[in-house]
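Asks: One structure, as C-alpha cells, below. Some questions next.
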Protein chains: 4
Amino acid sequence: MFFASDNSGPVPPQVLEALARANDGHVAGYGDDALTRDVTERLRALFEAPEAAVYLVPTGTAANVLALATLCPPYATVFCSPVAHIHEDECNAPEFFTGGAKLTLVGNSDRMTPDALRAAIEAEESRGVHGPERGPVSITQLTERGNVYSLDEIRALADVAHDYGLPVHLDGARFANAAVKLGATPAEMSWKAGVDVCVFGGTKNGLMGVEAVLIFDPEKARGFERRRKRGALLFSKHRYLAAQMDAYLQDDLWRDLAERANARCDQLVQGLKGLGLTVANDRHANIVFFEMSRAAHRKVQAAGAVYSLWGAAEGPDDAPALARLVCDWSVTPEAVTAFLDTVADAIA
Amino acid sequence: MFFASDNSGPVPPQVLEALARANDGHVAGYGDDALTRDVTERLRALFEAPEAAVYLVPTGTAANVLALATLCPPYATVFCSPVAHIHEDECNAPEFFTGGAKLTLVGNSDRMTPDALRAAIEAEESRGVHGPERGPVSITQLTERGNVYSLDEIRALADVAHDYGLPVHLDGARFANAAVKLGATPAEMSWKAGVDVCVFGGTKNGLMGVEAVLIFDPEKARGFERRRKRGALLFSKHRYLAAQMDAYLQDDLWRDLAERANARCDQLVQGLKGLGLTVANDRHANIVFFEMSRAAHRKVQAAGAVYSLWGAAEGPDDAPALARLVCDWSVTPEAVTAFLDTVADAIA
Amino acid sequence: MFFASDNSGPVPPQVLEALARANDGHVAGYGDDALTRDVTERLRALFEAPEAAVYLVPTGTAANVLALATLCPPYATVFCSPVAHIHEDECNAPEFFTGGAKLTLVGNSDRMTPDALRAAIEAEESRGVHGPERGPVSITQLTERGNVYSLDEIRALADVAHDYGLPVHLDGARFANAAVKLGATPAEMSWKAGVDVCVFGGTKNGLMGVEAVLIFDPEKARGFERRRKRGALLFSKHRYLAAQMDAYLQDDLWRDLAERANARCDQLVQGLKGLGLTVANDRHANIVFFEMSRAAHRKVQAAGAVYSLWGAAEGPDDAPALARLVCDWSVTPEAVTAFLDTVADAIA
Amino acid sequence: MFFASDNSGPVPPQVLEALARANDGHVAGYGDDALTRDVTERLRALFEAPEAAVYLVPTGTAANVLALATLCPPYATVFCSPVAHIHEDECNAPEFFTGGAKLTLVGNSDRMTPDALRAAIEAEESRGVHGPERGPVSITQLTERGNVYSLDEIRALADVAHDYGLPVHLDGARFANAAVKLGATPAEMSWKAGVDVCVFGGTKNGLMGVEAVLIFDPEKARGFERRRKRGALLFSKHRYLAAQMDAYLQDDLWRDLAERANARCDQLVQGLKGLGLTVANDRHANIVFFEMSRAAHRKVQAAGAVYSLWGAAEGPDDAPALARLVCDWSVTPEAVTAFLDTVADAIA
C-alpha cells in the first residue's frame, strides 16, 4: 500500500531488458552512439517535431534547470506557480543554473490563470533596470497539486507569454499521465499548445532515471549542450539513458504505464468519494489529495499504508488533514482495494 | 579492437543482476533506502573510515565538482596539473559549481611535484586581496596521461597542501586501476596518504554511471547534500545507483575488473615495446600512450582499431604521433593480440 | 519641489570640503590609507563596537549583497519582507552575489512580525534537502514603505532569528533617518537590538556614494574582503570614500542631515493631514506615502512637483492613488510650503 | 618620490571643480540626468562612434567584467595574456561576473602575438562539448608590463579574433597613456583597430573613480545595463560619475594628464638608462620596469622612494631585482630628479 511517491517504484521488465540489450560491446560515449540517435529520431516522431533539438538528462530537476538556463538570462525572472516544483523542491537549482534568475510567483494556486500571468508580467516592467527582465513562463503539467491543465488552458497561458515575447517551458515530469488523461498526443500537449521547451518525463513513469528535453525551435537550443556538460549532467555511458528511453517508446510503453497509474488513481478517487471523503483536486491523473481526520490517517498508516500528510505538521486529531496519494505504474488494484478497506475501517 | 575510452564498454553481468535484484517493490527515494545505507557502510568498511560522509553521484564530473564546491570558497583557487580533467574536460564545471573559483595550474606535467606545488601555493599569496585565496589541491590518480602516483608521492603532495592548511581532493575516476597497480588498499591510497576527499570511480571501471565521494572528516562535508540536490545531481530512484555500487563491492568486483583492464594494458605495453615502439607513460595501469608514425596509425585504424591520436591534429606522415589506448575490463586478450598484429603489419 | 527620491539631491558643502582636504599627495590605495583607518575607528566608536569589521562600499546594493553573501551559503534562503529593496529593486543582485540563494518573503507588509517570521522559518525545514537551508534574516530600517521599526520590534525579530541560529542583516540605507526619529544611538539600533551585520547608509543622507558595512562579530566577516574585490566593488582611490565618511562623522553631520530631512517630512505630514488627506505610513521618518485623486496628482505634478505615484499605473481620475514623497537633507521649508499650497489648490 | 601606483595620486583641480559644479539641486539618479547624457554624447564624439552604447562604472575591474559578461556566455573562455589584470588582479571577478567562464592564457608574455592567439583559439575547439566555447579576446593597452601595442599589433590580434567570430575587449585602464604615446586618436586605437568593446579608463589617469565602457555595436550591448545594476555597480547619484568624466573630456584634460605622466616616465627611462641600468619594457608610456641589485633597491627605498619590487620576494643582495615605477599626472620633474639622484647614489 505504497502511495508516497512515483519516484519509489520499480521499473517494468522492458526497461531491464532494454538495458541488457544495449549492454553489448563498445560504443562511443556522451550521446554519440546509434541508440541515442535512434531514440532522438523516435522522440521527434512521437512529438511530430522533426527539427526539435532533443537531449537526455538523468533527473527531472536537470531537465528543468537546463531548459530554463538555456532560455533565461541571469538578470531575468521566470514566471511560475507558487507551488511549482522549480520553486519548492529543487533547492535553488533554477537560481543556480540560470546564474541568479529570480522566480516570480503567479497567483495562489497550482494552476496559473491567463489574467494572473498577464498581471505578473506587466508588473515586472514597472521598475526598469531595477527589476529583472521578463523571462520564460514555466508550467507544470500535470501540476504539483495533481491537476491536469486542459489543452485550451495551456494554449491560453502560452498566448499570454508569447504576447510579451516570452518562451514557455513545460515541466513534464508527469507528462505521460497528463497526456493520457486528456487523450492528447504529445504534440497537442506541447508545441501545438504553444510550448517552446518540453520536458518529457520518464523517471516518475517507470524508468530508472532519465528525462527528455525537447526544444522545438533549435535556434532556442543554443548553449544547451555545453550547459549540460558544465552541469556535470552529461552521461558518458549515454547508451544506458537511451536504452531506458528506447524501452519507454517501444510499443508506446510510456502510454501503458501512465494508463495503469491513472487507472489506479481513478479507482482510489472513486473509492474515497464513495466513502464520503473530500477529494481536493478535481482534475486528477495519477495523484489524489484527499482529506481525513489526523486520527484516521494515523490508523491507516499504522496499518501499513505509506503516504504523506500535506500542510501543517501538527494539528488536532479530529480536524481534517490533507494527504497526497500517488500511483505509479506498479500499484496493483489489490493494493488500492486494501487501502480503501483500511480507510473505511479508520473512519468508521 | 576498441581502445578509445574506458567510458565506452559494457557493464559486467553482476551489475545487471544487481539492478534486477534491486528492482523490487517500492522503496523511499533520494538515498533514504536500505540498500543505499548498506552500500554506504560497506564503502566505509572498504576505506577503513567508519566516520566518513559518503555520497553517490551519477558522473565523474559531478563527483569532482561537488567535492571541490564543498571545500572551496568562490573567491579561492584550486591547485591542479595543467592536464587535469577538471581543467581540460569539464567545460567550466568546476568554475560553475564553486561559484567562480579559479584553477591554478601547477608545473607542466600530468604529475605535480611537491616543489612545484609549494611554489604555486606561495605565489598565490603575494597579491593579497587582489588574488584568490588558496583553495584545495586536486590530484588525479591515475593521471590523465596514464601514470600512477606512488603512495609516497601522494603523501608528499598532501603534506605540502596541509602545511598551508589546504585540503586534498583526489579525482579517482580510475582509482581502482591505480590501487590495483600499486597493490595498495583504498585507505592507503586515500586518507592514509593525506587525501581529505576521495572520488572512488565506478563508471570507467565497469559500472553504468555512478561514483562515490568519500569525505573522511564529516566536518568538511557541510553543504554537500544541498549542493548535490541544487546541482540537479540527486537521483530520486537512488537505489539503482546503490545497486551498481552493491555489485561493485560484492566479492571485490571492483578489484577484479581493474585487474583485467590493467592486465590487458600490460599486454599492450609489452607488445608495443617488443615491436620497438616508444611508450610515453612509464607508470601505466590501464592506459598506454605510444608513438608511431601517422601513416602507421592510419593503417591500424583502417584495419578497425578504434583509438585517438593525441596532440596536433595534422602532421607529416612519417613523423611520430602520440596515441592513447585505454583498456576497460571487457577488452579481451584476443583483441589485444589482434591489435598488436595490426600494428606489426603497419610498421613493417 | 523635488520629492521623488533621496538619491537625487546634492551633497552638503562639508562633503566637498572633505574631498578637497583628502586630495593631497599620494596615498596607498584599496583602503590601506590613514584616512580609511581613522574613519574605521570612528565608525567603531560611533557604534560602540571596537571589534567590528568595517568596510566601505560605493552603493547600497553593494552593501546589502556583500553582507548577505558573507552570511549566506548559496543553497540557503534569506528571509525578508515582500517589498524589501533586496527583493524588488536590486535586479537579482542578492541571487547573484550569494551564488543563487533564494529570498523567502515573509508576511504581506513592509514590516515583518515575529510570528510571521517564525512561521516562515519553520516552513523552510519541512522539505529537507529539497528546499534551501535557512539563511539570514534581512530587515530594512526604515522600511521601503516609510515606516520605522521600534527598537523592541527589531529585537523581537532578531530573537526569532537567533532562536534558529540565523544571523540578522539590517539594510540601513536610511539608518540615520530612523535612528534620529527614534532618538536611538547607532549601537541601540543595531547590535544591541540583535543585529549582526549593519549597513550604515550615506548616499541617501547626503553623501555622493558610500555606505559602511559593520560586521559586529569579526568571525562572521570571513571572506567579505575578497568578495568585495571579486565583486568589482573595491575602490582603488579608497581615500575618497573615506573622505565622504569623514565628513559624515565629523560633528555628527549624519545626524544633522537626517534631522533636517525628517523635519521636512514632519512638515509635509502635518500639512497633508491638515488638508484632510490620508497618510499611509504611520511611523514616518523622511518618507511619506499619501493618497489623493489622480486628477489632483496630475495638477500638482503639472505645477512642477516631482514625485512618483505608487501602485497601478492607470486608474480612474477620481479614485485615490497613492504617492510617495521623500525628503533629503536639502529640501527647504519653502519647498514644502509651496508643495502643500499646490496640493491645497489641486484638491479644492 | 611616489612611484608605486597610478591609483594613488590626487585628482587635478578640474575634477573637484566639476564635482562642485554638478552639486546643484536635485536631478534624477541612475544615469537619467542631463550631465550623463551630455557626457555620453561627448564620449561618442571623442571616439567618433555616434551609435556606441556608453556606460559609466566606478572601477576598472567593473568595466572589464561587465564587458566580458556581456560578450561571453558562462560556458566559454576568454583569451588573454598570462599577466592580464583580469587574470592576476581581479580576485576571480571575471569568473564571477561571466558565471564561470574560464580564461585561456595565451603565450608567455604581456603581449599576445597573432600566432599564439590563433594557436590557442584552435586548441579550444579540439574537445567539443568537453571544453568551453571560444569567447572574447581581451587585450590590455597599455599592458601590465608597461608596453604599448602598436595599432598594427592590435589590428592583427583583432583580425585573428574576428576570423573566428570572436569579439575583442580592450582593457583600457591606461588607454590615455597609450593613445598619447602612439599619437593615436581614440577611434584609431579602438574600433578602427578592430576593438568591439573598449574601456576608457579614468581612475589611473587622474579621476577619483570612474571608467567608461564603450560598446561600438549597440547590438552587442544587450544585457549590460541589467548586469551593471545586478552587479551593484549602478551609481544612484550618477551625476558625480558624469561630472568626473565631464572634467576629463573638457579641453582634452585626459590627454594632458597622460602627457604629463608619460613625460615623467620618459624622464625616468632616460635617467635610468643614463645610469647604465637595464629597462625591461621597451614600449613604455607611463610605466617603467628596471633592474637593480636588491641592496641598491633597499637604499633607494630607505631614502623615501615608494615603489614595488617585482617577482620573487627574496633573493641575494647583489643579484638584479626587477622593480616597477609608475607615473601618474601629479608626479613632478623634481620628484623624478630626486629619485634618479637617489638611484645614482645607491648604485655607486
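Letters for chains follow the order of the C-alpha cells (A, B, ...), residue numbers begin at 1 for each chain, and ligand numbers begin at 1 in the order shown.
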From a backbone DSSP assignment, name each residue in range 41-270 of chain B labelled strand (DSSP E), as a count of residues only.

Replies: 36

Asks: Within 7 Å of chain B, which residues belong to chain A? Use only C-alpha atoms and report them as an mmCIF file with all heavy atoms, in the first residue's frame.

Replies:
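Here's the written file result29.cif:
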data_model
loop_
_atom_site.group_PDB
_atom_site.id
_atom_site.type_symbol
_atom_site.label_atom_id
_atom_site.label_comp_id
_atom_site.auth_asym_id
_atom_site.auth_seq_id
_atom_site.Cartn_x
_atom_site.Cartn_y
_atom_site.Cartn_z
ATOM 1 N N PHE A 2 1.748 1.351 -1.022
ATOM 2 C CA PHE A 2 2.713 2.443 -1.080
ATOM 3 C C PHE A 2 2.207 3.517 -2.030
ATOM 4 O O PHE A 2 2.089 3.285 -3.235
ATOM 5 C CB PHE A 2 4.068 1.916 -1.557
ATOM 6 C CG PHE A 2 5.194 2.898 -1.358
ATOM 7 C CD1 PHE A 2 6.114 2.726 -0.327
ATOM 8 C CD2 PHE A 2 5.331 4.009 -2.205
ATOM 9 C CE1 PHE A 2 7.156 3.642 -0.148
ATOM 10 C CE2 PHE A 2 6.355 4.918 -2.025
ATOM 11 C CZ PHE A 2 7.285 4.731 -0.992
ATOM 12 N N ASN A 7 8.307 8.245 -7.410
ATOM 13 C CA ASN A 7 9.760 8.098 -7.558
ATOM 14 C C ASN A 7 10.238 6.846 -6.850
ATOM 15 O O ASN A 7 11.444 6.630 -6.739
ATOM 16 C CB ASN A 7 10.481 9.276 -6.891
ATOM 17 C CG ASN A 7 10.631 10.445 -7.828
ATOM 18 O OD1 ASN A 7 10.767 10.277 -9.030
ATOM 19 N ND2 ASN A 7 10.591 11.632 -7.261
ATOM 20 N N SER A 8 9.318 6.057 -6.309
ATOM 21 C CA SER A 8 9.714 4.985 -5.403
ATOM 22 C C SER A 8 9.493 3.589 -5.962
ATOM 23 O O SER A 8 9.897 2.612 -5.333
ATOM 24 C CB SER A 8 8.911 5.107 -4.101
ATOM 25 O OG SER A 8 9.048 6.402 -3.575
ATOM 26 N N GLY A 9 8.865 3.530 -7.097
ATOM 27 C CA GLY A 9 8.505 2.213 -7.607
ATOM 28 C C GLY A 9 9.606 1.572 -8.419
ATOM 29 O O GLY A 9 10.599 2.218 -8.769
ATOM 30 N N PRO A 10 9.425 0.299 -8.730
ATOM 31 C CA PRO A 10 10.383 -0.407 -9.574
ATOM 32 C C PRO A 10 10.173 -0.020 -11.034
ATOM 33 O O PRO A 10 9.254 0.734 -11.360
ATOM 34 C CB PRO A 10 10.006 -1.874 -9.364
ATOM 35 C CG PRO A 10 8.533 -1.837 -9.110
ATOM 36 C CD PRO A 10 8.275 -0.557 -8.374
ATOM 37 N N VAL A 11 11.043 -0.561 -11.906
ATOM 38 C CA VAL A 11 10.865 -0.338 -13.336
ATOM 39 C C VAL A 11 10.258 -1.600 -13.942
ATOM 40 O O VAL A 11 10.467 -2.698 -13.435
ATOM 41 C CB VAL A 11 12.214 0.024 -14.021
ATOM 42 C CG1 VAL A 11 12.873 1.187 -13.296
ATOM 43 C CG2 VAL A 11 13.144 -1.159 -14.124
ATOM 44 N N ASN A 23 23.609 -3.536 -23.592
ATOM 45 C CA ASN A 23 24.869 -3.807 -22.896
ATOM 46 C C ASN A 23 25.788 -4.696 -23.729
ATOM 47 O O ASN A 23 26.214 -5.763 -23.300
ATOM 48 C CB ASN A 23 24.563 -4.492 -21.548
ATOM 49 C CG ASN A 23 25.790 -4.531 -20.662
ATOM 50 O OD1 ASN A 23 26.531 -3.570 -20.582
ATOM 51 N ND2 ASN A 23 25.997 -5.678 -20.018
ATOM 52 N N ASP A 24 26.101 -4.232 -24.917
ATOM 53 C CA ASP A 24 26.799 -5.123 -25.843
ATOM 54 C C ASP A 24 27.939 -4.380 -26.509
ATOM 55 O O ASP A 24 27.712 -3.412 -27.256
ATOM 56 C CB ASP A 24 25.799 -5.620 -26.894
ATOM 57 C CG ASP A 24 26.436 -6.549 -27.890
ATOM 58 O OD1 ASP A 24 27.294 -7.362 -27.474
ATOM 59 O OD2 ASP A 24 26.096 -6.456 -29.087
ATOM 60 N N GLY A 25 29.150 -4.826 -26.222
ATOM 61 C CA GLY A 25 30.300 -4.276 -26.926
ATOM 62 C C GLY A 25 30.581 -2.829 -26.558
ATOM 63 O O GLY A 25 30.024 -2.258 -25.625
ATOM 64 N N HIS A 26 31.479 -2.259 -27.318
ATOM 65 C CA HIS A 26 31.899 -0.888 -27.085
ATOM 66 C C HIS A 26 31.140 0.054 -28.008
ATOM 67 O O HIS A 26 30.987 -0.224 -29.207
ATOM 68 C CB HIS A 26 33.398 -0.724 -27.399
ATOM 69 C CG HIS A 26 34.286 -1.349 -26.367
ATOM 70 N ND1 HIS A 26 34.770 -2.623 -26.481
ATOM 71 C CD2 HIS A 26 34.763 -0.850 -25.206
ATOM 72 C CE1 HIS A 26 35.521 -2.896 -25.420
ATOM 73 N NE2 HIS A 26 35.534 -1.851 -24.634
ATOM 74 N N VAL A 27 30.654 1.129 -27.454
ATOM 75 C CA VAL A 27 30.106 2.195 -28.297
ATOM 76 C C VAL A 27 30.646 3.522 -27.798
ATOM 77 O O VAL A 27 31.027 3.642 -26.630
ATOM 78 C CB VAL A 27 28.557 2.215 -28.306
ATOM 79 C CG1 VAL A 27 27.978 0.882 -28.664
ATOM 80 C CG2 VAL A 27 28.017 2.708 -26.988
ATOM 81 N N ALA A 28 30.652 4.510 -28.671
ATOM 82 C CA ALA A 28 31.108 5.843 -28.280
ATOM 83 C C ALA A 28 30.229 6.378 -27.157
ATOM 84 O O ALA A 28 29.057 6.005 -27.025
ATOM 85 C CB ALA A 28 31.052 6.790 -29.476
ATOM 86 N N GLY A 29 30.794 7.225 -26.367
ATOM 87 C CA GLY A 29 30.065 7.764 -25.229
ATOM 88 C C GLY A 29 29.497 9.134 -25.493
ATOM 89 O O GLY A 29 29.537 9.642 -26.615
ATOM 90 N N THR A 59 17.956 13.541 -14.425
ATOM 91 C CA THR A 59 16.956 13.857 -13.398
ATOM 92 C C THR A 59 15.966 14.899 -13.904
ATOM 93 O O THR A 59 16.262 15.654 -14.840
ATOM 94 C CB THR A 59 17.616 14.405 -12.102
ATOM 95 O OG1 THR A 59 18.168 15.701 -12.348
ATOM 96 C CG2 THR A 59 18.702 13.482 -11.568
ATOM 97 N N THR A 61 14.950 17.513 -12.211
ATOM 98 C CA THR A 61 15.488 18.839 -11.915
ATOM 99 C C THR A 61 16.463 19.266 -13.013
ATOM 100 O O THR A 61 16.431 20.401 -13.471
ATOM 101 C CB THR A 61 16.168 18.834 -10.537
ATOM 102 O OG1 THR A 61 15.173 18.593 -9.535
ATOM 103 C CG2 THR A 61 16.857 20.151 -10.234
ATOM 104 N N ALA A 62 17.299 18.331 -13.432
ATOM 105 C CA ALA A 62 18.249 18.643 -14.507
ATOM 106 C C ALA A 62 17.520 19.111 -15.761
ATOM 107 O O ALA A 62 17.911 20.101 -16.387
ATOM 108 C CB ALA A 62 19.103 17.426 -14.825
ATOM 109 N N GLU A 90 13.592 22.193 -5.549
ATOM 110 C CA GLU A 90 14.836 21.995 -6.300
ATOM 111 C C GLU A 90 16.021 22.679 -5.623
ATOM 112 O O GLU A 90 17.103 22.777 -6.200
ATOM 113 C CB GLU A 90 14.639 22.408 -7.765
ATOM 114 C CG GLU A 90 13.585 21.503 -8.441
ATOM 115 C CD GLU A 90 13.429 21.666 -9.941
ATOM 116 O OE1 GLU A 90 14.135 22.485 -10.547
ATOM 117 O OE2 GLU A 90 12.571 20.951 -10.518
ATOM 118 N N CYS A 91 15.800 23.060 -4.374
ATOM 119 C CA CYS A 91 16.908 23.585 -3.552
ATOM 120 C C CYS A 91 17.743 24.620 -4.314
ATOM 121 O O CYS A 91 18.962 24.508 -4.401
ATOM 122 C CB CYS A 91 17.801 22.466 -3.071
ATOM 123 S SG CYS A 91 18.901 22.984 -1.695
ATOM 124 N N ASN A 92 17.058 25.603 -4.857
ATOM 125 C CA ASN A 92 17.737 26.718 -5.535
ATOM 126 C C ASN A 92 18.402 26.333 -6.867
ATOM 127 O O ASN A 92 19.176 27.107 -7.406
ATOM 128 C CB ASN A 92 18.809 27.387 -4.653
ATOM 129 C CG ASN A 92 18.293 27.897 -3.339
ATOM 130 O OD1 ASN A 92 17.139 27.712 -2.994
ATOM 131 N ND2 ASN A 92 19.151 28.546 -2.579
ATOM 132 N N ALA A 93 18.093 25.131 -7.372
ATOM 133 C CA ALA A 93 18.737 24.727 -8.629
ATOM 134 C C ALA A 93 18.430 25.692 -9.785
ATOM 135 O O ALA A 93 19.326 26.004 -10.573
ATOM 136 C CB ALA A 93 18.352 23.296 -8.989
ATOM 137 N N MET A 208 14.288 4.257 -14.802
ATOM 138 C CA MET A 208 15.228 4.316 -13.678
ATOM 139 C C MET A 208 15.644 5.752 -13.385
ATOM 140 O O MET A 208 15.740 6.175 -12.242
ATOM 141 C CB MET A 208 16.488 3.523 -14.032
ATOM 142 C CG MET A 208 16.564 2.178 -13.397
ATOM 143 S SD MET A 208 18.099 1.338 -13.776
ATOM 144 C CE MET A 208 17.463 -0.355 -13.722
ATOM 145 N N GLY A 209 15.959 6.473 -14.445
ATOM 146 C CA GLY A 209 16.418 7.845 -14.247
ATOM 147 C C GLY A 209 16.764 8.445 -15.586
ATOM 148 O O GLY A 209 17.922 8.376 -15.996
ATOM 149 N N ARG A 226 26.506 22.521 -23.933
ATOM 150 C CA ARG A 226 27.616 22.890 -23.043
ATOM 151 C C ARG A 226 27.132 23.106 -21.616
ATOM 152 O O ARG A 226 27.838 22.781 -20.663
ATOM 153 C CB ARG A 226 28.367 24.102 -23.583
ATOM 154 C CG ARG A 226 29.386 23.717 -24.636
ATOM 155 C CD ARG A 226 30.484 24.750 -24.792
ATOM 156 N NE ARG A 226 31.646 24.206 -25.473
ATOM 157 C CZ ARG A 226 31.853 24.252 -26.775
ATOM 158 N NH1 ARG A 226 30.943 24.802 -27.566
ATOM 159 N NH2 ARG A 226 32.950 23.726 -27.308
ATOM 160 N N LYS A 229 26.948 19.632 -20.068
ATOM 161 C CA LYS A 229 28.283 19.143 -19.717
ATOM 162 C C LYS A 229 28.815 19.894 -18.503
ATOM 163 O O LYS A 229 29.331 19.303 -17.560
ATOM 164 C CB LYS A 229 29.225 19.293 -20.918
ATOM 165 C CG LYS A 229 30.670 19.000 -20.609
ATOM 166 C CD LYS A 229 30.909 17.515 -20.340
ATOM 167 C CE LYS A 229 32.315 17.303 -19.761
ATOM 168 N NZ LYS A 229 32.670 15.883 -19.639
ATOM 169 N N ARG A 230 28.688 21.197 -18.539
ATOM 170 C CA ARG A 230 29.161 22.052 -17.445
ATOM 171 C C ARG A 230 28.374 21.803 -16.169
ATOM 172 O O ARG A 230 28.865 22.036 -15.063
ATOM 173 C CB ARG A 230 29.021 23.493 -17.904
ATOM 174 C CG ARG A 230 29.050 24.588 -16.852
ATOM 175 C CD ARG A 230 28.647 25.884 -17.543
ATOM 176 N NE ARG A 230 28.658 27.019 -16.659
ATOM 177 C CZ ARG A 230 27.557 27.632 -16.231
ATOM 178 N NH1 ARG A 230 26.373 27.200 -16.575
ATOM 179 N NH2 ARG A 230 27.660 28.685 -15.441
ATOM 180 N N GLY A 231 27.164 21.318 -16.305
ATOM 181 C CA GLY A 231 26.341 20.998 -15.140
ATOM 182 C C GLY A 231 26.622 19.601 -14.620
ATOM 183 O O GLY A 231 25.886 19.104 -13.762
ATOM 184 N N ALA A 232 27.671 18.953 -15.135
ATOM 185 C CA ALA A 232 28.020 17.594 -14.713
ATOM 186 C C ALA A 232 26.894 16.616 -15.004
ATOM 187 O O ALA A 232 26.775 15.586 -14.340
ATOM 188 C CB ALA A 232 28.387 17.563 -13.229
ATOM 189 N N PHE A 235 25.973 12.218 -19.355
ATOM 190 C CA PHE A 235 26.380 10.848 -19.070
ATOM 191 C C PHE A 235 27.416 10.378 -20.076
ATOM 192 O O PHE A 235 27.218 10.486 -21.280
ATOM 193 C CB PHE A 235 25.145 9.932 -19.182
ATOM 194 C CG PHE A 235 24.590 9.521 -17.872
ATOM 195 C CD1 PHE A 235 24.263 10.474 -16.918
ATOM 196 C CD2 PHE A 235 24.386 8.192 -17.568
ATOM 197 C CE1 PHE A 235 23.743 10.112 -15.696
ATOM 198 C CE2 PHE A 235 23.859 7.807 -16.338
ATOM 199 C CZ PHE A 235 23.544 8.762 -15.401
ATOM 200 N N SER A 236 28.489 9.784 -19.595
ATOM 201 C CA SER A 236 29.453 9.244 -20.542
ATOM 202 C C SER A 236 28.885 7.972 -21.173
ATOM 203 O O SER A 236 28.856 7.847 -22.391
ATOM 204 C CB SER A 236 30.796 8.971 -19.873
ATOM 205 O OG SER A 236 30.648 8.108 -18.766
ATOM 206 N N LYS A 237 28.370 7.050 -20.369
ATOM 207 C CA LYS A 237 27.804 5.820 -20.946
ATOM 208 C C LYS A 237 26.340 6.105 -21.303
ATOM 209 O O LYS A 237 25.404 5.531 -20.735
ATOM 210 C CB LYS A 237 27.957 4.662 -19.966
ATOM 211 C CG LYS A 237 29.431 4.273 -19.790
ATOM 212 C CD LYS A 237 29.619 2.989 -18.992
ATOM 213 C CE LYS A 237 31.107 2.641 -18.924
ATOM 214 N NZ LYS A 237 31.369 1.423 -18.108
#

Asks: Tell me which protein, DNA and RNA residues are within 7 Å of Asn147 in chain C, counting only C-alpha atoms, leaving out same-chain ones fewer than 4 positions away, and put them as number ranges by chain.

Replies: C: 142-143, 281-284

Asks: Rounded to one decimal in Å, what is the spacing between CA of Arg155 in chain D and CA of Glu125 in chain D?

Replies: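 Spanning CA of Arg155 in chain D to CA of Glu125 in chain D is a straight-line distance of 23.3 Å.
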
Asks: How far is it from CA of Glu48 in chain C to CA of Leu117 in chain C, in Å with one decimal?

Replies: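 Result for CA of Glu48 in chain C versus CA of Leu117 in chain C: 28.5 Å, one decimal.
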
Asks: Taking the DSSP assignment computed from this structure's backbone, write out as a ChimeraX atom specification all residues of range 3-131 of chain A that belong to alpha helix (DSSP H).

Replies: /A:13-22,34-46,60-71,85-88,93-98,114-123

Asks: Quick one: of D:Gly311, D:Gly135, D:Pro73, D:Gly223, who's nearest to Tyr164 in chain D, counting only C-alpha atoms?

Replies: D:Gly135

Asks: Could you pull the residues within 12 Å of Asp217 in chain A, counting only C-alpha atoms, minus those fewer than 3 positions along the same chain, as a PyMOL selection string?

Replies: chain A and resi 49-54+71+167-168+191+194-198+214+220-222

Asks: Taking 4 positions as the minimum chain separation for residues in the same chain, which residues sit within 8 Å of Glu88 in chain B when counting only C-alpha atoms? Answer as a CSV table (one decimal) with C-alpha atoms, in the first residue's frame.

Replies:
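As written to disk, part_37.csv reads:
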chain,number,residue,atom,x,y,z
B,82,PRO,CA,47.7,21.6,-16.4
B,83,VAL,CA,46.2,18.5,-17.9
B,84,ALA,CA,43.8,17.8,-15.1
D,130,HIS,CA,34.0,18.8,-23.1
D,131,GLY,CA,35.8,22.1,-23.4

Asks: Identify, on the basis of only C-alpha atoms, every residue whose closest approach to Ala18 in chain A does not exceed 10 Å; exclude the query and any residue fewer than 5 positions from it along the same chain; express the result as a list in words.

Replies: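 In the requested form, the answer reads Pro13, Asn23, Tyr240, Ala242, Ala243, Gln244, Met245, Asp246, Ala247, Tyr248 and Gln250 of chain A.
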
Asks: Based on the selection just made, write C-alpha atoms of those residues as a short mmCIF file (atom, residue, chain, number, x, y, z; two decimals), in the first residue's frame.

Replies:
data_model
loop_
_atom_site.label_atom_id
_atom_site.label_comp_id
_atom_site.auth_asym_id
_atom_site.auth_seq_id
_atom_site.Cartn_x
_atom_site.Cartn_y
_atom_site.Cartn_z
CA PRO A 13 10.77 -5.61 -17.12
CA ASN A 23 24.87 -3.81 -22.90
CA TYR A 240 22.07 3.42 -20.87
CA ALA A 242 19.00 5.93 -24.40
CA ALA A 243 18.16 2.30 -23.62
CA GLN A 244 15.65 3.33 -20.98
CA MET A 245 14.06 5.75 -23.42
CA ASP A 246 14.15 3.01 -26.07
CA ALA A 247 12.04 0.77 -23.83
CA TYR A 248 9.76 3.72 -22.99
CA GLN A 250 8.73 0.83 -27.76
#
